[in-house]
Structures are given as C-alpha cells and as structure tokens.
file my_file_9.cif (mmCIF, N, CA and C atoms)
data_run
loop_
_atom_site.label_atom_id
_atom_site.label_comp_id
_atom_site.auth_asym_id
_atom_site.auth_seq_id
_atom_site.Cartn_x
_atom_site.Cartn_y
_atom_site.Cartn_z
N MET A 1 31.42 -4.26 90.58
CA MET A 1 31.68 -3.69 89.31
C MET A 1 33.17 -3.62 89.01
N LYS A 2 33.88 -3.59 90.01
CA LYS A 2 35.31 -3.52 89.79
C LYS A 2 35.83 -4.84 89.25
N ASN A 3 35.04 -5.85 89.46
CA ASN A 3 35.50 -7.14 88.98
C ASN A 3 35.26 -7.32 87.47
N MET A 4 34.43 -6.49 86.88
CA MET A 4 34.16 -6.61 85.44
C MET A 4 35.37 -6.11 84.67
N PRO A 5 35.68 -6.87 83.66
CA PRO A 5 36.83 -6.42 82.88
C PRO A 5 36.50 -5.16 82.09
N HIS A 6 37.44 -4.30 82.01
CA HIS A 6 37.26 -3.05 81.27
C HIS A 6 37.83 -3.24 79.86
N PHE A 7 36.95 -2.95 78.86
CA PHE A 7 37.41 -3.09 77.48
C PHE A 7 37.88 -1.74 77.00
N ARG A 8 39.06 -1.75 76.53
CA ARG A 8 39.58 -0.52 75.94
C ARG A 8 39.16 -0.49 74.48
N PRO A 9 38.69 0.67 73.97
CA PRO A 9 38.32 0.73 72.56
C PRO A 9 39.56 0.51 71.68
N ASN A 10 39.33 -0.24 70.67
CA ASN A 10 40.41 -0.53 69.74
C ASN A 10 40.53 0.65 68.78
N PRO A 11 41.72 1.25 68.66
CA PRO A 11 41.87 2.41 67.76
C PRO A 11 41.63 2.01 66.29
N TYR A 12 41.91 0.79 65.93
CA TYR A 12 41.66 0.35 64.55
C TYR A 12 40.16 0.26 64.26
N TYR A 13 39.40 -0.10 65.28
CA TYR A 13 37.94 -0.20 65.13
C TYR A 13 37.33 1.17 64.85
N GLU A 14 37.80 2.20 65.57
CA GLU A 14 37.30 3.56 65.35
C GLU A 14 37.67 4.03 63.94
N ASP A 15 38.87 3.70 63.51
CA ASP A 15 39.28 4.06 62.13
C ASP A 15 38.39 3.35 61.10
N LEU A 16 38.08 2.08 61.38
CA LEU A 16 37.21 1.35 60.47
C LEU A 16 35.81 1.96 60.41
N GLU A 17 35.29 2.41 61.55
CA GLU A 17 33.96 3.05 61.56
C GLU A 17 33.98 4.34 60.73
N ARG A 18 35.04 5.13 60.89
CA ARG A 18 35.15 6.37 60.08
C ARG A 18 35.27 6.03 58.60
N MET A 19 36.01 5.01 58.28
CA MET A 19 36.16 4.61 56.87
C MET A 19 34.83 4.10 56.32
N GLU A 20 34.08 3.37 57.16
CA GLU A 20 32.77 2.88 56.72
C GLU A 20 31.84 4.05 56.43
N GLU A 21 31.84 5.07 57.30
CA GLU A 21 31.00 6.26 57.06
C GLU A 21 31.39 6.94 55.76
N ALA A 22 32.68 7.05 55.52
CA ALA A 22 33.14 7.69 54.28
C ALA A 22 32.73 6.87 53.07
N VAL A 23 32.88 5.55 53.14
CA VAL A 23 32.51 4.67 52.02
C VAL A 23 31.00 4.72 51.79
N MET A 24 30.23 4.70 52.88
CA MET A 24 28.77 4.77 52.74
C MET A 24 28.36 6.12 52.12
N SER A 25 29.03 7.20 52.48
CA SER A 25 28.73 8.51 51.89
C SER A 25 29.05 8.50 50.39
N ILE A 26 30.21 7.91 50.04
CA ILE A 26 30.58 7.81 48.63
C ILE A 26 29.57 6.95 47.88
N LEU A 27 29.15 5.83 48.49
CA LEU A 27 28.16 4.95 47.87
C LEU A 27 26.85 5.70 47.63
N HIS A 28 26.41 6.47 48.63
CA HIS A 28 25.17 7.24 48.48
C HIS A 28 25.30 8.25 47.33
N ASN A 29 26.42 8.95 47.27
CA ASN A 29 26.65 9.92 46.19
C ASN A 29 26.64 9.23 44.83
N LEU A 30 27.27 8.05 44.75
CA LEU A 30 27.30 7.31 43.48
C LEU A 30 25.90 6.85 43.08
N GLU A 31 25.10 6.41 44.04
CA GLU A 31 23.73 6.00 43.74
C GLU A 31 22.90 7.18 43.23
N MET A 32 23.07 8.35 43.85
CA MET A 32 22.35 9.55 43.40
C MET A 32 22.80 9.94 41.99
N GLU A 33 24.09 9.87 41.75
CA GLU A 33 24.62 10.19 40.42
C GLU A 33 24.12 9.19 39.38
N ASN A 34 24.05 7.91 39.76
CA ASN A 34 23.55 6.87 38.87
C ASN A 34 22.09 7.13 38.51
N THR A 35 21.28 7.52 39.48
CA THR A 35 19.86 7.83 39.23
C THR A 35 19.74 9.01 38.27
N GLU A 36 20.56 10.04 38.49
CA GLU A 36 20.53 11.23 37.63
C GLU A 36 20.95 10.87 36.20
N ILE A 37 21.99 10.06 36.09
CA ILE A 37 22.47 9.64 34.77
C ILE A 37 21.40 8.80 34.06
N HIS A 38 20.73 7.94 34.80
CA HIS A 38 19.67 7.11 34.22
C HIS A 38 18.54 8.00 33.69
N GLU A 39 18.15 9.03 34.46
CA GLU A 39 17.10 9.95 34.00
C GLU A 39 17.55 10.71 32.76
N ASN A 40 18.80 11.18 32.75
CA ASN A 40 19.33 11.89 31.58
C ASN A 40 19.37 10.97 30.36
N ASN A 41 19.75 9.72 30.58
CA ASN A 41 19.80 8.74 29.50
C ASN A 41 18.40 8.53 28.91
N HIS A 42 17.41 8.45 29.78
CA HIS A 42 16.02 8.28 29.32
C HIS A 42 15.58 9.49 28.49
N LYS A 43 15.92 10.70 28.95
CA LYS A 43 15.57 11.92 28.20
C LYS A 43 16.26 11.93 26.84
N LEU A 44 17.53 11.53 26.83
CA LEU A 44 18.27 11.51 25.56
C LEU A 44 17.68 10.49 24.59
N LYS A 45 17.26 9.34 25.09
CA LYS A 45 16.61 8.35 24.23
C LYS A 45 15.34 8.91 23.62
N LYS A 46 14.57 9.66 24.42
CA LYS A 46 13.35 10.29 23.88
C LYS A 46 13.71 11.29 22.78
N GLU A 47 14.75 12.10 23.02
CA GLU A 47 15.17 13.08 22.01
C GLU A 47 15.67 12.40 20.74
N ILE A 48 16.40 11.30 20.90
CA ILE A 48 16.90 10.56 19.73
C ILE A 48 15.73 10.02 18.93
N THR A 49 14.74 9.46 19.62
CA THR A 49 13.55 8.92 18.93
C THR A 49 12.82 10.05 18.20
N PHE A 50 12.67 11.18 18.88
CA PHE A 50 12.00 12.33 18.25
C PHE A 50 12.78 12.78 17.02
N SER A 51 14.11 12.87 17.13
CA SER A 51 14.94 13.31 16.01
C SER A 51 14.85 12.34 14.84
N ARG A 52 14.84 11.05 15.14
CA ARG A 52 14.71 10.06 14.05
C ARG A 52 13.37 10.20 13.35
N ASN A 53 12.31 10.36 14.15
CA ASN A 53 10.99 10.53 13.55
C ASN A 53 10.93 11.81 12.73
N LEU A 54 11.53 12.88 13.25
CA LEU A 54 11.55 14.14 12.52
C LEU A 54 12.32 14.00 11.22
N LEU A 55 13.47 13.34 11.28
CA LEU A 55 14.26 13.12 10.07
C LEU A 55 13.47 12.31 9.05
N SER A 56 12.79 11.29 9.52
CA SER A 56 11.98 10.46 8.62
C SER A 56 10.88 11.30 7.97
N GLN A 57 10.23 12.15 8.76
CA GLN A 57 9.17 13.01 8.21
C GLN A 57 9.73 14.00 7.20
N LEU A 58 10.91 14.57 7.50
CA LEU A 58 11.53 15.52 6.58
C LEU A 58 11.92 14.84 5.27
N LEU A 59 12.45 13.62 5.36
CA LEU A 59 12.81 12.89 4.14
C LEU A 59 11.56 12.58 3.31
N MET A 60 10.48 12.21 3.99
CA MET A 60 9.22 11.92 3.30
C MET A 60 8.69 13.19 2.63
N GLU A 61 8.75 14.31 3.35
CA GLU A 61 8.28 15.58 2.78
C GLU A 61 9.12 15.98 1.58
N ASN A 62 10.44 15.79 1.69
CA ASN A 62 11.33 16.12 0.58
C ASN A 62 11.01 15.26 -0.64
N THR A 63 10.75 13.98 -0.42
CA THR A 63 10.39 13.08 -1.52
C THR A 63 9.09 13.52 -2.17
N CYS A 64 8.12 13.88 -1.33
CA CYS A 64 6.82 14.34 -1.87
C CYS A 64 7.00 15.62 -2.68
N ARG A 65 7.83 16.52 -2.20
CA ARG A 65 8.06 17.77 -2.95
C ARG A 65 8.71 17.49 -4.30
N LYS A 66 9.66 16.55 -4.31
CA LYS A 66 10.30 16.20 -5.57
C LYS A 66 9.30 15.62 -6.56
N LYS A 67 8.33 14.85 -6.04
CA LYS A 67 7.30 14.28 -6.91
C LYS A 67 6.28 15.33 -7.31
N LEU A 68 6.11 16.34 -6.47
CA LEU A 68 5.10 17.36 -6.72
C LEU A 68 5.51 18.32 -7.83
N VAL A 69 6.81 18.58 -7.97
CA VAL A 69 7.28 19.54 -8.98
C VAL A 69 6.85 19.12 -10.38
N PRO A 70 7.09 17.86 -10.82
CA PRO A 70 6.63 17.49 -12.16
C PRO A 70 5.10 17.50 -12.28
N LEU A 71 4.41 17.16 -11.20
CA LEU A 71 2.95 17.19 -11.24
C LEU A 71 2.43 18.61 -11.41
N LYS A 72 3.06 19.56 -10.74
CA LYS A 72 2.65 20.96 -10.90
C LYS A 72 2.90 21.42 -12.33
N GLN A 73 4.07 21.02 -12.88
CA GLN A 73 4.37 21.40 -14.26
C GLN A 73 3.35 20.77 -15.21
N GLU A 74 3.03 19.51 -14.98
CA GLU A 74 2.04 18.84 -15.81
C GLU A 74 0.67 19.50 -15.68
N SER A 75 0.33 19.91 -14.47
CA SER A 75 -0.94 20.58 -14.23
C SER A 75 -1.00 21.90 -15.00
N LYS A 76 0.12 22.64 -14.99
CA LYS A 76 0.16 23.89 -15.74
C LYS A 76 -0.04 23.63 -17.23
N GLU A 77 0.60 22.56 -17.72
CA GLU A 77 0.47 22.23 -19.14
C GLU A 77 -0.97 21.85 -19.47
N VAL A 78 -1.61 21.09 -18.59
CA VAL A 78 -3.00 20.68 -18.82
C VAL A 78 -3.90 21.90 -18.81
N HIS A 79 -3.68 22.83 -17.86
CA HIS A 79 -4.50 24.05 -17.84
C HIS A 79 -4.28 24.88 -19.10
N LEU A 80 -3.05 24.93 -19.58
CA LEU A 80 -2.77 25.66 -20.81
C LEU A 80 -3.46 25.00 -21.99
N ASP A 81 -3.39 23.66 -22.06
CA ASP A 81 -4.09 22.93 -23.13
C ASP A 81 -5.59 23.18 -23.06
N CYS A 82 -6.15 23.16 -21.87
CA CYS A 82 -7.59 23.42 -21.71
C CYS A 82 -7.94 24.82 -22.20
N ALA A 83 -7.13 25.79 -21.81
CA ALA A 83 -7.39 27.16 -22.23
C ALA A 83 -7.31 27.29 -23.75
N LEU A 84 -6.31 26.64 -24.35
CA LEU A 84 -6.19 26.69 -25.80
C LEU A 84 -7.37 25.99 -26.49
N ASN A 85 -7.79 24.83 -25.96
CA ASN A 85 -8.95 24.14 -26.52
C ASN A 85 -10.22 24.98 -26.39
N GLN A 86 -10.38 25.62 -25.26
CA GLN A 86 -11.56 26.46 -25.06
C GLN A 86 -11.55 27.63 -26.04
N LYS A 87 -10.37 28.26 -26.20
CA LYS A 87 -10.27 29.37 -27.15
C LYS A 87 -10.56 28.87 -28.57
N TYR A 88 -10.03 27.68 -28.91
CA TYR A 88 -10.27 27.11 -30.23
C TYR A 88 -11.77 26.88 -30.44
N LEU A 89 -12.47 26.34 -29.43
CA LEU A 89 -13.90 26.10 -29.55
C LEU A 89 -14.68 27.40 -29.70
N VAL A 90 -14.30 28.41 -28.94
CA VAL A 90 -14.98 29.70 -29.05
C VAL A 90 -14.79 30.27 -30.44
N ASP A 91 -13.54 30.24 -30.93
CA ASP A 91 -13.27 30.73 -32.29
C ASP A 91 -14.02 29.91 -33.33
N PHE A 92 -14.05 28.60 -33.14
CA PHE A 92 -14.75 27.72 -34.08
C PHE A 92 -16.24 28.04 -34.10
N ASN A 93 -16.84 28.24 -32.94
CA ASN A 93 -18.26 28.57 -32.86
C ASN A 93 -18.55 29.91 -33.53
N LYS A 94 -17.66 30.88 -33.34
CA LYS A 94 -17.85 32.19 -34.00
C LYS A 94 -17.80 32.04 -35.51
N LYS A 95 -16.81 31.26 -36.01
CA LYS A 95 -16.69 31.06 -37.45
C LYS A 95 -17.90 30.31 -37.99
N ASP A 96 -18.36 29.33 -37.23
CA ASP A 96 -19.52 28.55 -37.66
C ASP A 96 -20.75 29.44 -37.76
N LYS A 97 -20.93 30.33 -36.80
CA LYS A 97 -22.08 31.24 -36.83
C LYS A 97 -21.96 32.23 -37.99
N ASP A 98 -20.71 32.67 -38.27
CA ASP A 98 -20.49 33.60 -39.37
C ASP A 98 -20.79 32.95 -40.71
N HIS A 99 -20.49 31.65 -40.87
CA HIS A 99 -20.72 30.96 -42.13
C HIS A 99 -22.18 30.58 -42.33
N GLN A 100 -22.94 30.51 -41.31
CA GLN A 100 -24.35 30.16 -41.45
C GLN A 100 -25.12 31.40 -41.90
N ARG A 101 -25.74 31.29 -43.07
CA ARG A 101 -26.57 32.39 -43.57
C ARG A 101 -28.01 31.93 -43.49
N PRO A 102 -28.86 32.79 -43.18
CA PRO A 102 -30.27 32.38 -43.11
C PRO A 102 -30.76 31.94 -44.49
N ASP A 103 -31.28 30.74 -44.60
CA ASP A 103 -31.82 30.19 -45.83
C ASP A 103 -33.34 30.30 -45.77
N PRO A 104 -33.92 31.07 -46.68
CA PRO A 104 -35.37 31.27 -46.60
C PRO A 104 -36.13 29.95 -46.74
N ALA A 105 -35.63 29.04 -47.57
CA ALA A 105 -36.34 27.77 -47.74
C ALA A 105 -36.28 26.96 -46.45
N LEU A 106 -35.13 27.02 -45.78
CA LEU A 106 -34.96 26.29 -44.55
C LEU A 106 -35.86 26.85 -43.45
N SER A 107 -35.98 28.18 -43.40
CA SER A 107 -36.83 28.76 -42.37
C SER A 107 -38.30 28.41 -42.63
N GLY A 108 -38.69 28.31 -43.94
CA GLY A 108 -40.06 27.91 -44.26
C GLY A 108 -40.31 26.47 -43.86
N LEU A 109 -39.33 25.60 -44.06
CA LEU A 109 -39.49 24.21 -43.67
C LEU A 109 -39.61 24.08 -42.16
N ARG A 110 -38.89 24.91 -41.49
CA ARG A 110 -38.98 24.86 -40.03
C ARG A 110 -40.37 25.26 -39.58
N LYS A 111 -40.94 26.25 -40.25
CA LYS A 111 -42.30 26.67 -39.89
C LYS A 111 -43.28 25.53 -40.14
N CYS A 112 -43.06 24.83 -41.26
CA CYS A 112 -43.93 23.69 -41.57
C CYS A 112 -43.73 22.59 -40.55
N LYS A 113 -42.53 22.37 -40.16
CA LYS A 113 -42.24 21.32 -39.19
C LYS A 113 -42.94 21.64 -37.87
N ARG A 114 -42.89 22.91 -37.46
CA ARG A 114 -43.55 23.29 -36.23
C ARG A 114 -45.05 23.09 -36.34
N ALA A 115 -45.55 23.31 -37.54
CA ALA A 115 -46.98 23.16 -37.74
C ALA A 115 -47.36 21.70 -37.94
N GLY A 116 -46.36 20.82 -38.13
CA GLY A 116 -46.65 19.40 -38.28
C GLY A 116 -46.86 19.02 -39.72
N ILE A 117 -46.45 19.88 -40.66
CA ILE A 117 -46.64 19.60 -42.08
C ILE A 117 -45.28 19.25 -42.70
N GLY A 118 -45.25 18.24 -43.51
CA GLY A 118 -44.03 17.89 -44.24
C GLY A 118 -43.03 17.13 -43.40
N HIS A 119 -41.99 16.73 -44.08
CA HIS A 119 -40.94 15.96 -43.41
C HIS A 119 -39.61 16.60 -43.74
N THR A 120 -38.87 16.94 -42.70
CA THR A 120 -37.55 17.53 -42.90
C THR A 120 -36.52 16.66 -42.20
N PRO A 121 -35.53 16.18 -42.95
CA PRO A 121 -34.51 15.37 -42.29
C PRO A 121 -33.69 16.22 -41.30
N VAL A 122 -33.47 15.69 -40.16
CA VAL A 122 -32.69 16.41 -39.14
C VAL A 122 -31.38 15.68 -38.95
N ARG A 123 -30.33 16.44 -39.08
CA ARG A 123 -29.00 15.87 -38.91
C ARG A 123 -28.58 16.00 -37.44
N GLU A 124 -28.26 14.87 -36.83
CA GLU A 124 -27.85 14.90 -35.44
C GLU A 124 -26.34 14.83 -35.34
N LEU A 125 -25.80 15.56 -34.41
CA LEU A 125 -24.34 15.54 -34.20
C LEU A 125 -24.00 14.37 -33.28
N PRO A 126 -22.89 13.73 -33.55
CA PRO A 126 -22.49 12.60 -32.68
C PRO A 126 -22.11 13.10 -31.29
N GLU A 127 -22.48 12.33 -30.29
CA GLU A 127 -22.15 12.69 -28.92
C GLU A 127 -20.76 12.22 -28.59
N GLU A 128 -20.08 12.98 -27.74
CA GLU A 128 -18.70 12.62 -27.36
C GLU A 128 -18.70 11.93 -26.03
#

call {"tool": "encode", "arguments": {"input": "my_file_9.cif", "output": "structure tokens"}}
result
Amino acid sequence: MKNMPHFRPNPYYEDLERMEEAVMSILHNLEMENTEIHENNHKLKKEITFSRNLLSQLLMENTCRKKLVPLKQESKEVHLDCALNQKYLVDFNKKDKDHQRPDPALSGLRKCKRAGIGHTPVRELPEE
C-alpha cells in the first residue's frame, strides 16, 4: 500500500464543489420562483378574462337600459291613450243610452218580431 501514490485533494476542486452547490441552490430557488410566477400569471389571465367579460356584460346592460327608457316612456303613453280611449267609450255609451228614448212603436215591432209577425229592418254595426 505504501507503493500507491497518494493523491492530495486539490483546493480548487473543493472550491468548485462548494460553488456548484451554491449555484444548484440558486437554480432550485429560481425554478421554484418561476413556477410560482407562472401560477400567478395564470390566475391573472383568468381575472383579466373575467374582467373583460364583466365589462362586456355591463356595457350590454347599459345599452339595454338606454333603449329601455324610451320604451318605458312609450309604454306609459300607450297606457294613457288606452285609459283615455276607455273613458271616452264609457262616456260615449252613457250619452248614447241617455239619448235613446223608448219608442212605443219600436217596442211593439219587437214584440211582433219575437212572435214571427211582420218584417223589421235590423241595422247592423260594422265590425272592427
């Protein structure tokens, strides 16, 4: 055994091993940081997509509301017109009933008509 040459450790080699451990530690930390950043980037992309969709929905809702305001006003006007027409018809019917006086000759003709005697012209109102 004494004949085997003895190798002395090279001090530069030990320094290189320590530097390699330090570099590998830094590399591991950078890889972990890269993974974390990638996950955060993915979350941010999801939030951006959600925000864009939300903005689009809000713009659509705002447009619909702007279109709805004139329609509501028009609806109110139509309801008012309907109410006025209905009131006019009620008043017209009341006036029509007030102007109709019982005609004795007409009531006699109606009795005859029911009995099947005579001919009475009947005026029909046009349908709308």

call {"tool": "axis_aligned_box", "arguments": {"input": "my_file_9.cif", "around": "stretch 29-44 of chain A", "padding_each_side": "3 Å", "output": "AutoDock Vina command-line options"}}
result
--center_x 21.4 --center_y 9.0 --center_z 35.9 --size_x 17.7 --size_y 11.9 --size_z 28.7

call {"tool": "closest_atom_pairs", "arguments": {"input": "my_file_9.cif", "of": "stretch 53-92 of chain A", "to": "stretch 30-49 of chain A", "cutoff": "10 Å", "atoms": "only C-alpha atoms", "output": "JSON lines"}}
result
{"residue": "A:Asn53", "atom": "CA", "partner": "A:Thr49", "partner_atom": "CA", "distance": 6.2}
{"residue": "A:Leu54", "atom": "CA", "partner": "A:Thr49", "partner_atom": "CA", "distance": 8.5}
{"residue": "A:Leu55", "atom": "CA", "partner": "A:Thr49", "partner_atom": "CA", "distance": 9.8}

call {"tool": "atom_distance", "arguments": {"input": "my_file_9.cif", "atom1": "atom N of A:Ser25", "atom2": "atom N of A:Asn10"}}
result
22.2 Å
